[in-house]
Structure formats: structure tokens, C-alpha cells
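What follows is one structure encoded as C-alpha cells, with my remarks underneath.
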Amino acid sequence: MLEIENLSKSYGKTMAIKNINFIVNEGEIAVLAGPNGAGKSTIIKCVAGLLKYEGNIDVNGYNNKSIEGKRAIGYIPEMPSLFSLLTIEEHITLMAHSYGIKEYENKSQELLKLFDLWDKKSKYGSELSKGMQQKVSICCALITNPKLLLVDEPMIGLDPKAIRSMKGILQEIKKSGTCVLLSTHLLDSVQDLWDRILIMKNGEFVLSKARDDFKDEFKSLEEIFFEVTED
């Protein structure tokens with residue numbers, strides 16, 4: 001479970017996010033949407049512990065800056081950043097060892113095969129295309145069995161088969177009780193996945209609703225988005 005209270009972040013005199021409050025429950029996929037510069041990536045990076053902020057962030061009952069909180073988080077950034085001299089397989093091994101995960105080899109093999117990386121596992125980070133780097137980044141986040149998965153533009157750079165695999169994984173980890181906070185502009189790509197929609201504009205929420213709150217309103221995420229963001 002992710003619980004955020006009174007979260008604010010400024011860059012100099014510019015307020016990127018302003019007193020944000022929300023909860024993502026176990027087994028929920030929350031979609032964070034908004035125009036460029038709305039504050040989506042800033043929220044993701046604050047939760048991941050990459051930025052200083054004001055307010056409080058709890059993950060699985062622990063502050064996100066604590067060891068327990070950090071251990072519960074998996075993070076897939078928009079722009080993957082790999083070590084140029086580590087192989088694909090070594091990246092996954094490094095993440096597993098860093099989180100103290102034992103007997104990860106079978107899952108590592110499963111993930112590599114799922115994303116068509118098994119025959120490329122000995123390639124170095126410097127040899128990979130952007131799409132392949134994104135696949136490795138996904139594998140590294142999932143090998144830790146996170147209680148909270150943070151995903152910033154998950155489908156960018158992926159081929160159609162990898163997109164299908166990513167959707168399947170999100171559905172599976174949702175069933176296992178993991179909560180997901182996912183930021184994307186490609187709203188149609190998560191139309192069948194979302195449980196909660198959080199739409200931002202100018203650093204604030206203009207809509208925060210669960211799928212069930214819409215009841216008999218049969219609207220796509222794009223329709224909902226444009227209704228609340230267009231002047």
C-alpha cells in the first residue's frame with residue numbers, strides 16, 4: 001500500500017507539486033496522468049526516494065526513506081540507466097544481491113525469456129538499444145518482488161510483443177497484491193488495467209477517482225482526461 005500525505009516539491013521558486021494527498025491500495029493499479037510539466041514524474045521520483053520533498057510517504061507501512069520502505073519499492077524509470085560494462089544477466093544479479101534475494105535464478109530466466117533477452121544475456125549495457133535497455137530495467141525492478149511498483153512511461157521504446165508481456169505482468173502482480181503507480185501519456189495502453197485514475201494539472205490533482213466511482217459511465221481514459229484538463 002502507498003499512502004501520500006501533504007506532498008509538496010519545489011524547484012527554486014517554482015512549485016512542481018502542491019500539497020498532494022492520495023492512497024493506492026494493495027492490488028490496485030493507479031494511473032497518473034497529466035500534460036507535460038504537470039508533476040507526474042516528480043511524484044514518482046519523490047516516492048522512489050530520488051528527490052527531497054515536504055510531506056510524508058509510506059510504503060507498505062514504512063516511510064519510503066527507511067530500509068524497509070526502500071526494500072518494498074520497484075522502480076522502472078522512463079529513461080533506463082544501465083552500467084555499460086555489466087551484462088544483462090549481471091544487472092539482474094546485482095539487483096537481486098542488493099535486495100538480499102536468494103534463489104532468484106529461475107525467475108531471472110523466466111523474465112529474460114519473456115522479454116526475448118535470454119539469448120542476449122551476455123551482452124553489455126553499452127551494446128543495447130534503448131528498447132532493450134528498457135526491457136532490462138523492467139527485469140531489474142521485477143526481480144526484487146516489490147510490494148509497490150513505480151512505472152514511468154512503461155511502454156515507451158518497447159516492441160508490440162514486449163508491450164503485451166508488460167501488460168500481462170502488471171495484471172499478474174496486481175493479483176498477487178502488489179500496488180502499482182504508473183505514469184503515462186499513452187492512456188489507451190492501460191485502458192484495461194487501471195483501478196484508479198489520478199489526473200494532474202499545474203502540480204495539483206484535478207481528478208482522483210476509482211474505476212468503480214464511475215459506475216455506469218462508459219468513458220475511456222482519454223475521454224475522462226480531456227474532460228478535466230481542457231479549458
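Every chain in the C-alpha cells has a letter given in the order shown (A, B, ...), and although residue numbers restart at 1 in each chain, ligands are simply numbered from 1 in the order shown.
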List as a tab-separated table every residue of range 38-115 of chain A that is in contact with range 186-201 of chain A, defined as an atom at most 9 Å from one of its atoms (using only C-alpha atoms), together with the nearest atom pair and the distance in Å rounded to one decimal, sorted by chain and then rising number.
```
residue	atom	partner	partner_atom	distance
A:Ala38	CA	A:Lys201	CA	4.9
A:Gly39	CA	A:Met200	CA	7.1
A:Lys40	CA	A:Met200	CA	7.3
```
(message) If you run DSSP on the backbone here, which positions in range 40-199 of chain A get alpha helix (DSSP H)? Please write them as a ChimeraX atom specification.
(response) /A:40-48,67-71,88-98,105-114,130-142,160-175
(message) If we count only C-alpha atoms and set the cut-off at 10 Å, which residues sit around Asn6 in chain A, ignoring sequence neighbours fewer than 4 positions away in its own chain? Please answer as a list in words.
(response)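 The residues that qualify are Ile17, Lys18, Asn19, Ile20, Asn21, Phe22, Glu54, Gly55, Asn56 and Ile57 of chain A.
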Prev. selection, C-alpha atoms, output as a PDB file, in the first residue's frame:
```pdb
ATOM      1  CA  ILE A  17       3.643  19.636  -6.852  1.00  0.00           C
ATOM      2  CA  LYS A  18       1.402  21.278  -4.276  1.00  0.00           C
ATOM      3  CA  ASN A  19       0.145  19.521  -1.158  1.00  0.00           C
ATOM      4  CA  ILE A  20      -0.806  16.230  -2.824  1.00  0.00           C
ATOM      5  CA  ASN A  21      -2.704  13.504  -0.942  1.00  0.00           C
ATOM      6  CA  PHE A  22      -3.671  10.052  -2.202  1.00  0.00           C
ATOM      7  CA  GLU A  54       7.990  18.069   2.049  1.00  0.00           C
ATOM      8  CA  GLY A  55       5.257  15.804   3.423  1.00  0.00           C
ATOM      9  CA  ASN A  56       5.076  12.105   4.201  1.00  0.00           C
ATOM     10  CA  ILE A  57       5.274   8.972   2.031  1.00  0.00           C
TER      11      ILE A  57
END
```
(request) Return the single residue from A:Met79, A:Val31, A:Ile143, A:Ile173 that is closest to Met95 in chain A, with distances computed using only C-alpha atoms. (result)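 So, comparing all the options, the nearest one is A:Ile143.
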(request) Please measure the separation of CA of Ile92 in chain A and CA of Leu117 in chain A, giving the value in Å to one decimal. (result)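 It comes out at 11.8 Å.
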(request) Go through A:Asn145, A:Ile29, A:Cys46, A:His91 and flag the residue nearest Lys167 in chain A, using only C-alpha atoms for the distances. (result)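 Checking each candidate against Lys167 in chain A, we get A:Ile29 as the closest.
The two atoms in question, CA of Lys113 in chain A and CA of Leu32 in chain A, are spaced 29.4 Å apart.
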(request) For CA of Ile169 in chain A and CA of Thr87 in chain A, determine how far apart the two atoms are, in Å to one decimal place. (result)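 Going from CA of Ile169 in chain A over to CA of Thr87 in chain A, I get 23.2 Å.
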(request) With a distance cut-off of 7 Å and only C-alpha atoms, select the neighbouring residues of Ser84 in chain A, excluding the residue or stretch itself and same-chain residues fewer than 3 positions from it, and output the selection as JSON, numbers by chain. (result) {"A": [124, 125, 126]}
Dump as a compact mmCIF listing (two decimals), in the first residue's frame, selection limited to C-alpha atoms:
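See again_34.txt below for the written result:
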```
# COMPACT_ATOMS: atom_id res chain seq x y z
CA TYR A 124 26.91 -5.47 -22.18
CA GLY A 125 24.84 -2.43 -21.28
CA SER A 126 26.78 -0.35 -23.81
```
(message) Residues near Thr229 in chain A, anyone? I mean within 8 Å using only C-alpha atoms, not counting same-chain ones fewer than 3 positions away, as a list in words.
(response)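 So, after excluding close chain neighbours, the residues are Gly34, Lys201, Val206, Phe225 and Phe226 of chain A.
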Only N, CA, C and O atoms, please: the residues just picked out, written as a short mmCIF file (atom, residue, chain, number, x, y, z; two decimals), in the first residue's frame.
```cif
data_model
loop_
_atom_site.label_atom_id
_atom_site.label_comp_id
_atom_site.auth_asym_id
_atom_site.auth_seq_id
_atom_site.Cartn_x
_atom_site.Cartn_y
_atom_site.Cartn_z
N GLY A 34 -1.50 13.48 -16.96
CA GLY A 34 -1.49 14.93 -16.96
C GLY A 34 -0.65 15.45 -18.11
O GLY A 34 0.15 14.71 -18.69
N LYS A 201 -2.77 18.70 -13.10
CA LYS A 201 -2.59 19.89 -13.92
C LYS A 201 -1.95 20.96 -13.04
O LYS A 201 -2.43 21.23 -11.93
N VAL A 206 -6.66 17.40 -10.49
CA VAL A 206 -7.96 17.91 -10.94
C VAL A 206 -8.99 16.79 -10.94
O VAL A 206 -10.19 17.04 -11.08
N PHE A 225 -9.77 12.16 -19.37
CA PHE A 225 -8.63 13.06 -19.30
C PHE A 225 -8.94 14.42 -19.94
O PHE A 225 -8.71 15.48 -19.33
N PHE A 226 -9.47 14.40 -21.16
CA PHE A 226 -9.71 15.66 -21.86
C PHE A 226 -10.84 16.47 -21.23
O PHE A 226 -10.83 17.70 -21.26
#
```
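The smallest atom-to-atom distance between Val180 in chain A and any of A:Ala96, A:Val59, A:Cys140, A:Ile156, using only C-alpha atoms, is found for A:Val59.
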